[in-house]
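Student: Input file: my_file03.txt. Contents: compact mmCIF, C-alpha atoms.
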# COMPACT_ATOMS: atom_id res chain seq x y z
CA MET A 4 0.00 0.00 0.00
CA THR A 5 1.25 3.47 -0.87
CA SER A 6 2.83 5.42 1.93
CA THR A 7 4.54 8.75 2.15
CA ALA A 8 5.86 11.26 4.64
CA PRO A 9 3.85 14.46 5.00
CA ALA A 10 5.76 17.71 4.66
CA GLY A 11 7.90 18.36 7.72
CA THR A 12 8.07 14.69 8.80
CA THR A 13 10.36 11.78 8.06
CA ALA A 14 8.35 8.69 9.02
CA PRO A 15 6.19 7.25 6.20
CA ILE A 16 2.48 7.01 6.85
CA SER A 17 0.25 4.29 5.42
CA ALA A 18 -2.64 5.81 3.50
CA ASP A 19 -4.97 3.06 4.76
CA ARG A 20 -4.01 3.60 8.39
CA ALA A 21 -4.31 7.37 8.03
CA GLN A 22 -7.71 7.02 6.36
CA ARG A 23 -9.05 4.92 9.22
CA ARG A 24 -7.91 7.48 11.78
CA ILE A 25 -9.23 10.40 9.74
CA LEU A 26 -12.65 8.79 9.38
CA ARG A 27 -12.85 8.19 13.15
CA VAL A 28 -12.10 11.85 13.87
CA LEU A 29 -14.52 13.07 11.22
CA VAL A 30 -17.24 10.80 12.59
CA ALA A 31 -16.77 12.24 16.09
CA SER A 32 -16.97 15.83 14.83
CA GLN A 33 -20.01 15.07 12.67
CA VAL A 34 -21.94 13.61 15.60
CA LEU A 35 -21.46 16.91 17.41
CA SER A 36 -22.12 19.15 14.43
CA GLY A 37 -25.31 17.25 13.58
CA ALA A 38 -26.85 18.55 16.79
CA GLY A 39 -25.68 22.05 15.87
CA LEU A 40 -27.24 22.21 12.44
CA ALA A 41 -30.57 20.78 13.66
CA ALA A 42 -31.35 23.85 15.78
CA GLY A 43 -31.89 26.24 12.90
CA VAL A 44 -33.95 23.70 10.96
CA THR A 45 -36.24 23.00 13.90
CA VAL A 46 -36.99 26.42 15.36
CA GLY A 47 -35.41 29.05 13.11
CA ALA A 48 -38.61 29.68 11.15
CA LEU A 49 -40.74 29.66 14.32
CA LEU A 50 -38.41 32.15 16.02
CA ALA A 51 -38.64 34.54 13.07
CA GLN A 52 -42.41 34.11 12.90
CA ASP A 53 -42.74 35.02 16.58
CA MET A 54 -40.47 38.05 16.29
CA LEU A 55 -41.93 39.36 13.02
CA GLY A 56 -45.54 38.25 13.40
CA SER A 57 -45.63 37.19 9.74
CA THR A 58 -45.77 33.79 8.05
CA SER A 59 -44.67 35.20 4.69
CA LEU A 60 -41.19 35.85 6.10
CA ALA A 61 -40.93 32.60 8.03
CA GLY A 62 -38.70 31.20 5.30
CA LEU A 63 -36.20 34.03 5.76
CA PRO A 64 -34.12 32.33 8.50
CA SER A 65 -33.55 29.31 6.29
CA ALA A 66 -32.61 31.60 3.42
CA LEU A 67 -30.21 33.56 5.63
CA PHE A 68 -28.31 30.70 7.18
CA THR A 69 -28.22 28.97 3.82
CA ALA A 70 -26.84 32.14 2.20
CA GLY A 71 -24.33 32.35 5.04
CA SER A 72 -23.33 28.79 4.29
CA ALA A 73 -22.62 29.83 0.69
CA LEU A 74 -20.07 32.40 1.81
CA ALA A 75 -18.64 29.97 4.34
CA ALA A 76 -18.31 27.26 1.68
CA VAL A 77 -16.02 29.55 -0.32
CA ALA A 78 -13.99 30.43 2.75
CA VAL A 79 -13.67 26.86 4.01
CA GLY A 80 -12.76 25.66 0.52
CA ARG A 81 -10.06 28.30 0.09
CA VAL A 82 -8.55 27.75 3.53
CA SER A 83 -8.59 24.00 2.96
CA GLN A 84 -6.95 24.44 -0.46
CA ALA A 85 -4.16 26.57 0.99
CA ARG A 86 -3.60 24.98 4.42
CA GLY A 87 -5.49 21.69 4.55
CA ARG A 88 -8.83 20.37 5.73
CA ARG A 89 -8.09 20.68 9.46
CA PRO A 90 -7.85 24.49 9.74
CA GLY A 91 -10.62 25.00 7.18
CA LEU A 92 -13.16 22.77 8.91
CA ALA A 93 -12.25 23.88 12.45
CA ALA A 94 -12.63 27.55 11.54
CA GLY A 95 -16.00 26.88 9.90
CA TYR A 96 -17.45 25.18 12.95
CA LEU A 97 -16.13 27.87 15.28
CA THR A 98 -17.86 30.50 13.13
CA GLY A 99 -21.10 28.52 13.42
CA ALA A 100 -20.75 28.61 17.21
CA VAL A 101 -20.39 32.39 17.11
CA GLY A 102 -23.54 32.62 15.02
CA SER A 103 -25.44 30.51 17.54
CA ALA A 104 -24.42 32.90 20.30
CA GLY A 105 -25.67 35.79 18.20
CA VAL A 106 -29.08 34.15 17.72
CA ILE A 107 -29.39 33.69 21.49
CA ALA A 108 -28.55 37.36 22.06
CA ALA A 109 -31.06 38.45 19.41
CA ALA A 110 -33.81 36.35 20.99
CA ALA A 111 -33.04 37.77 24.43
CA LEU A 112 -33.08 41.36 23.16
CA ASP A 113 -35.96 40.80 20.69
CA GLN A 114 -33.86 42.33 17.91
CA ALA A 115 -34.89 41.04 14.49
CA LEU A 116 -31.97 42.62 12.61
CA LEU A 117 -29.47 41.01 14.99
CA LEU A 118 -31.30 37.71 14.52
CA PHE A 119 -30.92 37.90 10.75
CA ALA A 120 -27.22 38.78 10.95
CA ALA A 121 -26.58 35.99 13.44
CA LEU A 122 -28.43 33.42 11.34
CA PHE A 123 -26.24 34.37 8.39
CA VAL A 124 -23.12 33.67 10.48
CA TYR A 125 -24.69 30.51 11.91
CA GLY A 126 -24.86 29.14 8.37
CA ALA A 127 -21.11 28.51 8.49
CA GLY A 128 -21.79 25.41 10.58
CA THR A 129 -24.07 23.96 7.91
CA ALA A 130 -21.49 24.58 5.18
CA THR A 131 -18.73 23.01 7.24
CA ASN A 132 -20.82 19.96 8.05
CA LEU A 133 -21.24 19.34 4.32
CA GLN A 134 -17.62 20.17 3.43
CA ALA A 135 -16.44 17.48 5.86
CA ARG A 136 -17.74 14.80 3.50
CA TYR A 137 -15.04 15.74 0.99
CA ALA A 138 -12.36 15.20 3.62
CA GLY A 139 -13.56 11.62 4.01
CA ALA A 140 -12.93 10.97 0.31
CA ASP A 141 -9.49 12.57 -0.05
CA LEU A 142 -7.57 9.36 0.64
CA ALA A 143 -10.20 6.87 -0.55
CA ALA A 144 -9.65 4.71 -3.62
CA PRO A 145 -11.89 5.76 -6.56
CA GLY A 146 -14.10 2.65 -6.21
CA HIS A 147 -14.70 3.39 -2.52
CA ARG A 148 -15.18 7.16 -2.56
CA ALA A 149 -18.95 7.11 -2.21
CA ARG A 150 -18.69 4.78 0.79
CA ALA A 151 -16.10 7.07 2.41
CA VAL A 152 -18.39 10.05 1.87
CA SER A 153 -21.32 8.11 3.31
CA THR A 154 -19.35 7.16 6.44
CA VAL A 155 -18.90 10.84 7.24
CA LEU A 156 -22.49 11.71 6.42
CA VAL A 157 -24.07 8.96 8.52
CA ALA A 158 -22.25 10.21 11.61
CA THR A 159 -24.40 13.34 11.45
CA THR A 160 -27.46 11.19 12.15
CA LEU A 161 -26.98 10.84 15.91
CA GLY A 162 -26.70 14.53 16.61
CA GLY A 163 -29.14 15.47 13.86
CA VAL A 164 -31.87 13.21 15.25
CA ALA A 165 -31.18 14.05 18.88
CA GLY A 166 -31.09 17.80 18.28
CA PRO A 167 -34.72 18.38 17.22
CA ASN A 168 -36.01 16.06 19.94
CA LEU A 169 -34.16 18.20 22.46
CA ALA A 170 -36.05 21.32 21.33
CA ALA A 171 -38.55 21.08 24.19
CA PRO A 172 -36.06 20.36 27.04
CA THR A 173 -33.53 22.92 25.80
CA GLY A 174 -36.39 25.41 25.51
CA ALA A 175 -37.31 24.76 29.13
CA PHE A 176 -33.66 25.19 30.12
CA ALA A 177 -33.52 28.49 28.22
CA GLU A 178 -36.54 29.76 30.14
CA THR A 179 -34.78 29.04 33.44
CA LEU A 180 -32.02 31.35 32.19
CA GLY A 181 -34.55 34.06 31.38
CA LEU A 182 -34.36 33.46 27.62
CA PRO A 183 -37.21 32.73 25.16
CA ASP A 184 -37.84 29.01 24.86
CA LEU A 185 -37.11 29.03 21.11
CA ALA A 186 -33.55 30.13 21.88
CA GLY A 187 -32.91 26.84 23.71
CA PRO A 188 -31.85 24.75 20.69
CA PHE A 189 -29.26 27.40 19.80
CA LEU A 190 -27.64 26.92 23.24
CA LEU A 191 -27.14 23.32 22.17
CA SER A 192 -25.89 24.24 18.69
CA GLY A 193 -23.33 26.72 20.01
CA ALA A 194 -21.80 24.16 22.34
CA ALA A 195 -21.94 21.41 19.69
CA TYR A 196 -20.22 23.46 17.00
CA ALA A 197 -17.51 24.64 19.40
CA LEU A 198 -16.76 21.05 20.47
CA ALA A 199 -16.67 19.90 16.83
CA ALA A 200 -14.12 22.60 16.06
CA LEU A 201 -12.00 21.49 19.01
CA VAL A 202 -12.07 17.81 17.96
CA LEU A 203 -10.89 18.64 14.45
CA ALA A 204 -8.25 21.16 15.51
CA VAL A 205 -6.66 18.72 17.94
CA TRP A 206 -7.07 15.29 16.34
CA LEU A 207 -7.44 15.58 12.54
CA ARG A 208 -3.82 14.59 11.93
CA PRO A 209 -2.46 13.85 9.40
CA ASP A 210 -4.43 16.24 7.28
CA PRO A 211 -6.21 14.13 4.61
CA LEU A 212 -5.89 16.60 1.75
CA LEU A 213 -2.24 17.38 2.39
CA LEU A 214 -1.40 13.69 2.73
CA ALA A 215 -3.28 12.89 -0.49
CA ARG A 216 -1.18 15.49 -2.29
CA ASP A 217 2.04 14.01 -0.88
CA ILE A 218 0.98 10.55 -2.05
CA ALA A 219 0.13 11.90 -5.51
CA ARG A 220 3.54 13.55 -5.78
CA ALA A 221 5.25 10.32 -4.72
CA GLU A 222 3.32 8.37 -7.35
CA GLU A 223 4.22 10.90 -10.05
CA ALA A 224 7.90 10.51 -9.13
CA ASP A 225 7.62 6.69 -9.21
CA PRO A 226 5.16 5.55 -11.92
CA ALA A 227 5.46 1.94 -10.73
CA ALA A 228 3.79 2.97 -7.45
CA ARG A 229 0.64 4.21 -9.15
CA PRO A 230 -2.46 2.12 -8.48
CA PRO A 231 -4.27 0.64 -11.49
CA ALA A 232 -7.14 2.63 -12.98
CA ASP A 233 -10.33 1.90 -11.09
CA GLY A 234 -12.91 2.93 -13.68
CA ALA A 235 -15.35 4.13 -11.05
CA ALA A 236 -16.04 7.51 -12.60
CA ASP A 237 -19.26 7.84 -14.52
CA THR A 238 -18.29 11.16 -16.09
CA GLY A 239 -16.39 12.00 -19.24
CA ASP A 240 -14.52 15.28 -19.37
CA HIS A 241 -13.96 17.31 -16.22
CA ARG A 242 -16.21 20.22 -17.10
CA ALA A 243 -19.21 18.04 -17.88
CA GLY A 244 -18.68 16.11 -14.65
CA VAL A 245 -18.60 19.26 -12.53
CA VAL A 246 -21.75 20.60 -14.20
CA LEU A 247 -23.64 17.34 -13.73
CA GLY A 248 -22.57 16.80 -10.12
CA THR A 249 -23.44 20.39 -9.25
CA LEU A 250 -26.85 20.16 -10.92
CA VAL A 251 -27.74 17.00 -9.01
CA MET A 252 -26.87 18.56 -5.66
CA VAL A 253 -28.41 21.96 -6.46
CA LEU A 254 -31.82 20.56 -7.41
CA THR A 255 -31.98 18.17 -4.46
CA GLN A 256 -30.99 20.97 -2.06
CA LEU A 257 -33.52 23.41 -3.50
CA VAL A 258 -36.43 21.00 -3.22
CA MET A 259 -35.44 19.65 0.18
CA VAL A 260 -34.92 23.04 1.84
CA ALA A 261 -38.12 24.56 0.46
CA ILE A 262 -40.39 21.79 1.72
CA MET A 263 -38.51 21.17 4.97
CA THR A 264 -38.46 24.84 5.97
CA MET A 265 -42.20 25.30 5.90
CA THR A 266 -43.24 21.96 7.38
CA PRO A 267 -42.86 23.10 11.04
CA VAL A 268 -44.74 26.32 10.21
CA HIS A 269 -47.47 24.30 8.46
CA MET A 270 -47.79 22.00 11.47
CA HIS A 271 -47.73 24.87 13.95
CA GLY A 272 -50.51 26.60 12.04
CA HIS A 273 -52.68 23.49 12.42
CA GLY A 274 -52.29 23.14 16.17
CA HIS A 275 -49.23 20.91 16.48
CA GLY A 276 -46.69 21.78 19.16
CA THR A 277 -42.91 22.02 19.08
CA ALA A 278 -42.54 18.40 20.18
CA ALA A 279 -44.55 17.11 17.18
CA SER A 280 -42.71 19.24 14.63
CA GLY A 281 -39.42 18.33 16.32
CA LEU A 282 -40.22 14.64 15.88
CA VAL A 283 -41.03 15.10 12.18
CA ILE A 284 -37.83 17.06 11.56
CA ALA A 285 -35.83 14.51 13.54
CA LEU A 286 -37.12 11.72 11.30
CA HIS A 287 -36.38 13.87 8.28
CA ILE A 288 -32.79 14.51 9.35
CA GLY A 289 -32.37 10.83 10.19
CA ALA A 290 -33.47 9.98 6.65
CA MET A 291 -31.04 12.57 5.31
CA TYR A 292 -28.05 10.83 6.86
CA LEU A 293 -28.86 7.34 8.19
CA PRO A 294 -29.17 5.64 4.77
CA SER A 295 -25.70 6.94 3.77
CA PRO A 296 -23.81 3.60 4.07
CA LEU A 297 -26.34 1.88 1.81
CA THR A 298 -26.37 4.86 -0.56
CA GLY A 299 -22.58 4.85 -0.76
CA TRP A 300 -22.56 1.15 -1.58
CA LEU A 301 -25.25 1.63 -4.24
CA VAL A 302 -23.34 4.50 -5.84
CA ASP A 303 -20.07 2.52 -5.96
CA ARG A 304 -21.81 -0.66 -7.09
CA TYR A 305 -24.43 0.54 -9.60
CA GLY A 306 -23.05 3.91 -10.65
CA ARG A 307 -23.49 7.60 -9.96
CA MET A 308 -26.09 8.10 -12.69
CA THR A 309 -28.48 5.41 -11.48
CA VAL A 310 -28.60 6.76 -7.94
CA ALA A 311 -28.91 10.37 -9.11
CA ALA A 312 -32.00 9.40 -11.14
CA ALA A 313 -33.42 7.58 -8.11
CA SER A 314 -33.03 10.81 -6.15
CA GLY A 315 -35.38 12.68 -8.46
CA ILE A 316 -38.03 9.97 -8.29
CA THR A 317 -37.85 9.80 -4.48
CA LEU A 318 -38.19 13.58 -4.14
CA LEU A 319 -41.25 13.50 -6.39
CA ALA A 320 -42.86 10.90 -4.13
CA ALA A 321 -42.04 13.05 -1.08
CA GLY A 322 -43.60 16.16 -2.59
CA VAL A 323 -46.79 14.38 -3.66
CA LEU A 324 -47.25 12.76 -0.25
CA ALA A 325 -46.61 16.02 1.64
CA ALA A 326 -49.14 17.79 -0.58
CA LEU A 327 -51.83 15.13 -0.06
CA ALA A 328 -51.22 14.42 3.66
CA PRO A 329 -53.95 15.77 5.98
CA ALA A 330 -52.62 18.59 8.13
CA ASP A 331 -53.60 16.71 11.30
CA SER A 332 -51.66 13.56 10.30
CA VAL A 333 -48.24 13.67 11.93
CA ALA A 334 -47.53 10.14 10.66
CA LEU A 335 -48.04 10.97 6.97
CA LEU A 336 -46.13 14.24 7.24
CA ALA A 337 -43.30 12.35 8.94
CA LEU A 338 -43.26 9.78 6.12
CA ALA A 339 -43.20 12.54 3.50
CA LEU A 340 -40.32 14.28 5.23
CA ALA A 341 -38.47 10.99 5.58
CA LEU A 342 -38.76 10.45 1.81
CA LEU A 343 -37.62 14.03 1.32
CA GLY A 344 -34.52 13.35 3.39
CA LEU A 345 -33.82 10.09 1.55
CA GLY A 346 -34.08 11.78 -1.85
CA TRP A 347 -31.64 14.46 -0.70
CA ASN A 348 -29.24 11.78 0.55
CA LEU A 349 -29.28 9.94 -2.77
CA GLY A 350 -28.57 13.17 -4.64
CA LEU A 351 -25.86 14.40 -2.28
CA VAL A 352 -23.84 11.17 -2.22
CA SER A 353 -24.07 10.57 -5.97
CA GLY A 354 -23.34 14.22 -6.79
CA THR A 355 -20.40 14.34 -4.39
CA ALA A 356 -18.93 11.19 -5.94
CA ILE A 357 -19.23 12.70 -9.42
CA ILE A 358 -17.43 15.87 -8.31
CA THR A 359 -14.68 14.01 -6.45
CA ASP A 360 -14.11 11.68 -9.41
CA THR A 361 -13.83 14.67 -11.74
CA VAL A 362 -11.70 17.30 -10.00
CA PRO A 363 -7.90 16.83 -9.70
CA LEU A 364 -6.18 17.16 -6.32
CA ALA A 365 -4.43 20.37 -7.35
CA THR A 366 -7.72 22.29 -7.37
CA ARG A 367 -10.01 19.92 -5.49
CA ALA A 368 -10.81 21.83 -2.28
CA ARG A 369 -11.32 25.17 -4.03
CA THR A 370 -13.62 23.65 -6.66
CA GLN A 371 -15.56 21.69 -4.04
CA GLY A 372 -16.08 24.92 -2.10
CA LEU A 373 -17.41 26.68 -5.19
CA VAL A 374 -19.74 23.77 -5.94
CA ASP A 375 -21.11 23.96 -2.42
CA VAL A 376 -21.72 27.69 -2.93
CA SER A 377 -24.12 26.80 -5.72
CA VAL A 378 -25.77 24.24 -3.46
CA ALA A 379 -26.10 26.78 -0.65
CA VAL A 380 -27.51 29.48 -2.94
CA ALA A 381 -30.10 26.98 -4.18
CA GLY A 382 -31.03 26.24 -0.58
CA ALA A 383 -31.29 29.95 0.21
CA ALA A 384 -33.58 30.48 -2.77
CA GLY A 385 -35.72 27.54 -1.73
CA GLY A 386 -35.97 28.74 1.84
CA MET A 387 -36.86 32.30 0.88
CA ALA A 388 -39.37 31.33 -1.79
CA SER A 389 -41.03 28.73 0.41
CA GLY A 390 -42.59 31.27 2.77
CA LEU A 391 -43.88 33.38 -0.11
CA VAL A 392 -45.41 30.37 -1.87
CA VAL A 393 -47.10 29.12 1.29
CA ALA A 394 -48.46 32.58 2.09
CA ALA A 395 -49.83 32.94 -1.45
CA ALA A 396 -50.97 29.42 -2.33
CA GLY A 397 -50.54 27.12 0.68
CA TYR A 398 -48.21 24.34 1.78
CA PRO A 399 -49.65 21.62 -0.53
CA VAL A 400 -48.82 23.73 -3.61
CA LEU A 401 -45.27 24.24 -2.37
CA ALA A 402 -44.77 20.52 -1.74
CA LEU A 403 -46.21 19.46 -5.11
CA ALA A 404 -44.19 22.07 -7.01
CA GLY A 405 -41.00 20.88 -5.34
CA GLY A 406 -41.70 17.27 -6.24
CA VAL A 407 -42.36 18.11 -9.89
CA LEU A 408 -39.21 20.26 -10.10
CA SER A 409 -37.07 17.34 -8.94
CA LEU A 410 -37.96 15.44 -12.11
CA ALA A 411 -35.55 17.74 -13.99
CA LEU A 412 -32.81 15.40 -12.78
CA LEU A 413 -33.98 12.66 -15.11
CA PRO A 414 -33.26 14.32 -18.48
CA ALA A 415 -29.94 15.66 -17.14
CA VAL A 416 -28.82 12.17 -16.12
CA ALA A 417 -30.09 10.70 -19.41
CA ALA A 418 -28.12 13.26 -21.43
CA ALA A 419 -24.94 12.58 -19.45
CA THR A 420 -25.36 8.84 -19.94
CA ARG A 421 -25.72 9.29 -23.70
CA ARG A 422 -22.53 11.38 -23.83
CA ARG A 423 -20.57 8.57 -22.20
CA ARG A 424 -21.59 6.03 -24.83
Starting from the file, give its structure as structure tokens.

Tutor:
Amino acid sequence: MTSTAPAGTTAPISADRAQRRILRVLVASQVLSGAGLAAGVTVGALLAQDMLGSTSLAGLPSALFTAGSALAAVAVGRVSQARGRRPGLAAGYLTGAVGSAGVIAAAALDQALLLFAALFVYGAGTATNLQARYAGADLAAPGHRARAVSTVLVATTLGGVAGPNLAAPTGAFAETLGLPDLAGPFLLSGAAYALAALVLAVWLRPDPLLLARDIARAEEADPAARPPADGAADTGDHRAGVVLGTLVMVLTQLVMVAIMTMTPVHMHGHGHGTAASGLVIALHIGAMYLPSPLTGWLVDRYGRMTVAAASGITLLAAGVLAALAPADSVALLALALALLGLGWNLGLVSGTAIITDTVPLATRARTQGLVDVSVAVAGAAGGMASGLVVAAAGYPVLALAGGVLSLALLPAVAAATRRRR
């Protein structure tokens, strides 16, 4: 197995051994960060609705922290490109913790403008949580990249599922501190993001991206050390691969964020409490991440294109079910949101694999950051538009429109498949 010595060291490091250690550290940080990102999803829209007294702007928090994640994706990508994954990811999570503190202060002071600014900063945690998946694939063999990505993603499940279900107890704790109850989940997110930053800063060694570059340089110097071609990539030229992978992730993010953002507001407007909406969002987040090992295996086994097409079909089913589900049926709404999360997972893992297959190491982190900007902007647009659509036409129209939009993945995948033949 290829080994090399990272810059500044003399002892060779096995890529396999380093990959196992890196995945363990990433898993630990993702468990923590999953709890952090769940706070904004669960109560961000409700907090804005309470402070503004308007449903039409309830999608604004999602749009703001998603827009903030776009800026953070660029920053994390550039820092990672220049200095490695460890400083890039640690700085991103620390910024998310600062944003959480700002949301708490805004809720305590009842300052809407401060809330919006803080939610924008809070979005850095979401961007960093997604960027971590690339770190899992840096040292993976081409035929195992999707599984490496999925290992990092599935770790988010524990914190992501626990976070929304802690909305009620953290809200009660916030009230004991003299804070609004909806600020409680952000107490959890601030602590979770700060701990995730600490874990990465201390233990993500060797740095996966820097080590991958060292290995690549060693293989270029010794052609006999190069591994045989794996043939895992489903894409042709680099540009077409980047476009396709980005499109898959952009559409799945847009549809998922739009429907997810307004589901708690929809439930709240029909008499459901925070505990019920927290349960639905918890199941949704679980479906976003828990299937990742199976998804990774499917992507590596049956191809990126097949799973990307399955994503569009699954999102359509989610949108139709959410549109038809009675407002008083928590079970059907939970099933719809679970399908929504699964469709997003299929799109994210397949799209990430396409991008990682396509982009060379020399520009990988920077390109991945730019791709995630597009994903974040799509999420921001979905979050902002969702409130306006619900205010004008209702939640069922929003859900159905999102499901139909996801079908655009099918012709894109079909065209890419024809180009490869």

Student: Between atom CA of Val152 of chain A and atom CA of Gly299 of chain A, what distance in Å does the model show, to one decimal?

Tutor: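 Atom CA of Gly299 of chain A lies at a distance of 7.2 Å from atom CA of Val152 of chain A.
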
Student: Between A:Val376, A:Val302, A:Leu343, A:Leu122, single out the one closest to Ala110 of chain A, counting all atoms listed in the file.

Tutor: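 Ranking A:Val376, A:Val302, A:Leu343, A:Leu122 by distance to Ala110 of chain A, first place goes to A:Leu122.
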
Student: Counting only C-alpha atoms, which residue out of A:Gly102, A:Gly39, A:Gly397, A:Gly306 sits closest to Leu117 of chain A?

Tutor: A:Gly102

Student: One decimal, Å: what's the distance from atom CA of Ala115 of chain A over to atom CA of Leu55 of chain A, could you say?

Tutor: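 Separation between atom CA of Ala115 of chain A and atom CA of Leu55 of chain A: 7.4 Å.
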
Student: Find the spatial neighbours of Leu191 of chain A, counting only C-alpha atoms, within a cut-off of 10 Å - ignore same-chain residues fewer than 2 positions away - and output them as a PyMOL selection string.

Tutor: chain A and resi 35+38-42+100+103+166+169-170+173+186-189+193-196

Student: Tell me which of A:Pro145, A:Gly162, A:Leu340, A:Gly71 sits closest to Ala121 of chain A, counting only C-alpha atoms.

Tutor: A:Gly71

Student: Which residues are close to Leu324 of chain A, i.e. within 8 Å by only C-alpha atoms, leaving aside same-chain residues fewer than 4 positions away? Reply as a PyMOL selection string.

Tutor: chain A and resi 320+328+335-336+339

Student: If you count all atoms listed in the file, which residues fall within 8 Å of Gly126 of chain A, apart from same-chain ones fewer than 4 positions away, as a list in words?

Tutor: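 So, after excluding close chain neighbours, the residues are Leu67, Phe68, Thr69, Ala70, Gly71, Ser72, Ala75, Gly99, Gly102, Leu122 and Ala130 of chain A.
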
Student: Fewer than 5 positions away in the same chain doesn't count, so skip those; otherwise give me all residues within 7 Å of segment 139-144 of chain A, counting only C-alpha atoms, as a VMD selection string.

Tutor: chain A and resid 18 22 26 151 to 152 155 211 to 212 215

Student: Give me, as an NGL selection string, all polymer residues having an atom no more than 8 Å from Val352 of chain A, counting all atoms listed in the file and skipping those fewer than 2 positions away in the same chain.

Tutor: :A and (149 or 152-153 or 295 or 298-299 or 302 or 348-350 or 354-356)

Student: Report, in Å with one decimal, the straight-line distance from atom CA of Leu318 of chain A to atom CA of Gly346 of chain A.

Tutor: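 Atom CA of Gly346 of chain A lies at a distance of 5.0 Å from atom CA of Leu318 of chain A.
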
Student: Tell me which of A:Val392, A:Met259, A:Met270, A:Ile358 sits closest to Gly406 of chain A, counting only C-alpha atoms.

Tutor: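 For Gly406 of chain A, the nearest of the given residues is A:Met259.
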
Student: Of the residues A:Leu112, A:Leu214, A:Ala388, A:Val310, which is the one nearest to Gly181 of chain A, using all atoms listed in the file?

Tutor: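 Smallest distance to Gly181 of chain A is found for A:Leu112.
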
Student: With distances taken over only C-alpha atoms, which of A:His271, A:Arg20, A:Arg86, A:Arg421 is nearest to Asp53 of chain A?

Tutor: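 Going through A:His271, A:Arg20, A:Arg86, A:Arg421 one by one, the smallest distance to Asp53 of chain A is for A:His271.
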
Student: Take the point (-13.9, 28.6, 3.2) as written in the file and pick out every residue within 9 Å of it, counting all atoms listed in the file; give the list as a PyMOL selection string.

Tutor: chain A and resi 74-84+91-92+94-95+127+130-131+369+372

Student: With 4 Å added on each side, what axis-aligned box encloses every listed atom of segment 283-296 of chain A? Give the centre and edge lengths in Å to one decimal, as AutoDock Vina command-line options.

Tutor:
--center_x -32.4 --center_y 10.3 --center_z 8.7 --size_x 25.2 --size_y 21.5 --size_z 17.8

Student: Kindly add N, CA and C atoms to the incomplete segment 140-153 of chain A and provide the output as an mmCIF file, in the coordinates of the input.

Tutor:
data_model
loop_
_atom_site.group_PDB
_atom_site.id
_atom_site.type_symbol
_atom_site.label_atom_id
_atom_site.label_comp_id
_atom_site.auth_asym_id
_atom_site.auth_seq_id
_atom_site.Cartn_x
_atom_site.Cartn_y
_atom_site.Cartn_z
ATOM 1 N N ALA A 140 -13.242 11.596 1.601
ATOM 2 C CA ALA A 140 -12.930 10.970 0.310
ATOM 3 C C ALA A 140 -11.526 11.265 -0.186
ATOM 4 N N ASP A 141 -10.798 12.156 0.464
ATOM 5 C CA ASP A 141 -9.490 12.570 -0.050
ATOM 6 C C ASP A 141 -8.525 11.408 -0.231
ATOM 7 N N LEU A 142 -8.515 10.470 0.691
ATOM 8 C CA LEU A 142 -7.570 9.360 0.640
ATOM 9 C C LEU A 142 -8.221 8.055 0.169
ATOM 10 N N ALA A 143 -9.506 8.094 -0.155
ATOM 11 C CA ALA A 143 -10.200 6.870 -0.550
ATOM 12 C C ALA A 143 -9.865 6.495 -1.987
ATOM 13 N N ALA A 144 -9.812 5.184 -2.262
ATOM 14 C CA ALA A 144 -9.650 4.710 -3.620
ATOM 15 C C ALA A 144 -10.884 5.090 -4.437
ATOM 16 N N PRO A 145 -10.743 5.314 -5.756
ATOM 17 C CA PRO A 145 -11.890 5.760 -6.560
ATOM 18 C C PRO A 145 -13.129 4.873 -6.408
ATOM 19 N N GLY A 146 -12.951 3.549 -6.321
ATOM 20 C CA GLY A 146 -14.100 2.650 -6.210
ATOM 21 C C GLY A 146 -14.727 2.616 -4.835
ATOM 22 N N HIS A 147 -14.155 3.364 -3.874
ATOM 23 C CA HIS A 147 -14.700 3.390 -2.520
ATOM 24 C C HIS A 147 -15.014 4.808 -2.056
ATOM 25 N N ARG A 148 -14.981 5.773 -2.974
ATOM 26 C CA ARG A 148 -15.180 7.160 -2.560
ATOM 27 C C ARG A 148 -16.576 7.413 -2.022
ATOM 28 N N ALA A 149 -17.583 6.875 -2.674
ATOM 29 C CA ALA A 149 -18.950 7.110 -2.210
ATOM 30 C C ALA A 149 -19.158 6.529 -0.818
ATOM 31 N N ARG A 150 -18.563 5.378 -0.550
ATOM 32 C CA ARG A 150 -18.690 4.780 0.790
ATOM 33 C C ARG A 150 -17.955 5.612 1.837
ATOM 34 N N ALA A 151 -16.810 6.199 1.466
ATOM 35 C CA ALA A 151 -16.100 7.070 2.410
ATOM 36 C C ALA A 151 -16.925 8.311 2.714
ATOM 37 N N VAL A 152 -17.511 8.898 1.671
ATOM 38 C CA VAL A 152 -18.390 10.050 1.870
ATOM 39 C C VAL A 152 -19.555 9.682 2.780
ATOM 40 N N SER A 153 -20.144 8.516 2.540
ATOM 41 C CA SER A 153 -21.320 8.110 3.310
ATOM 42 C C SER A 153 -20.981 7.843 4.768
#
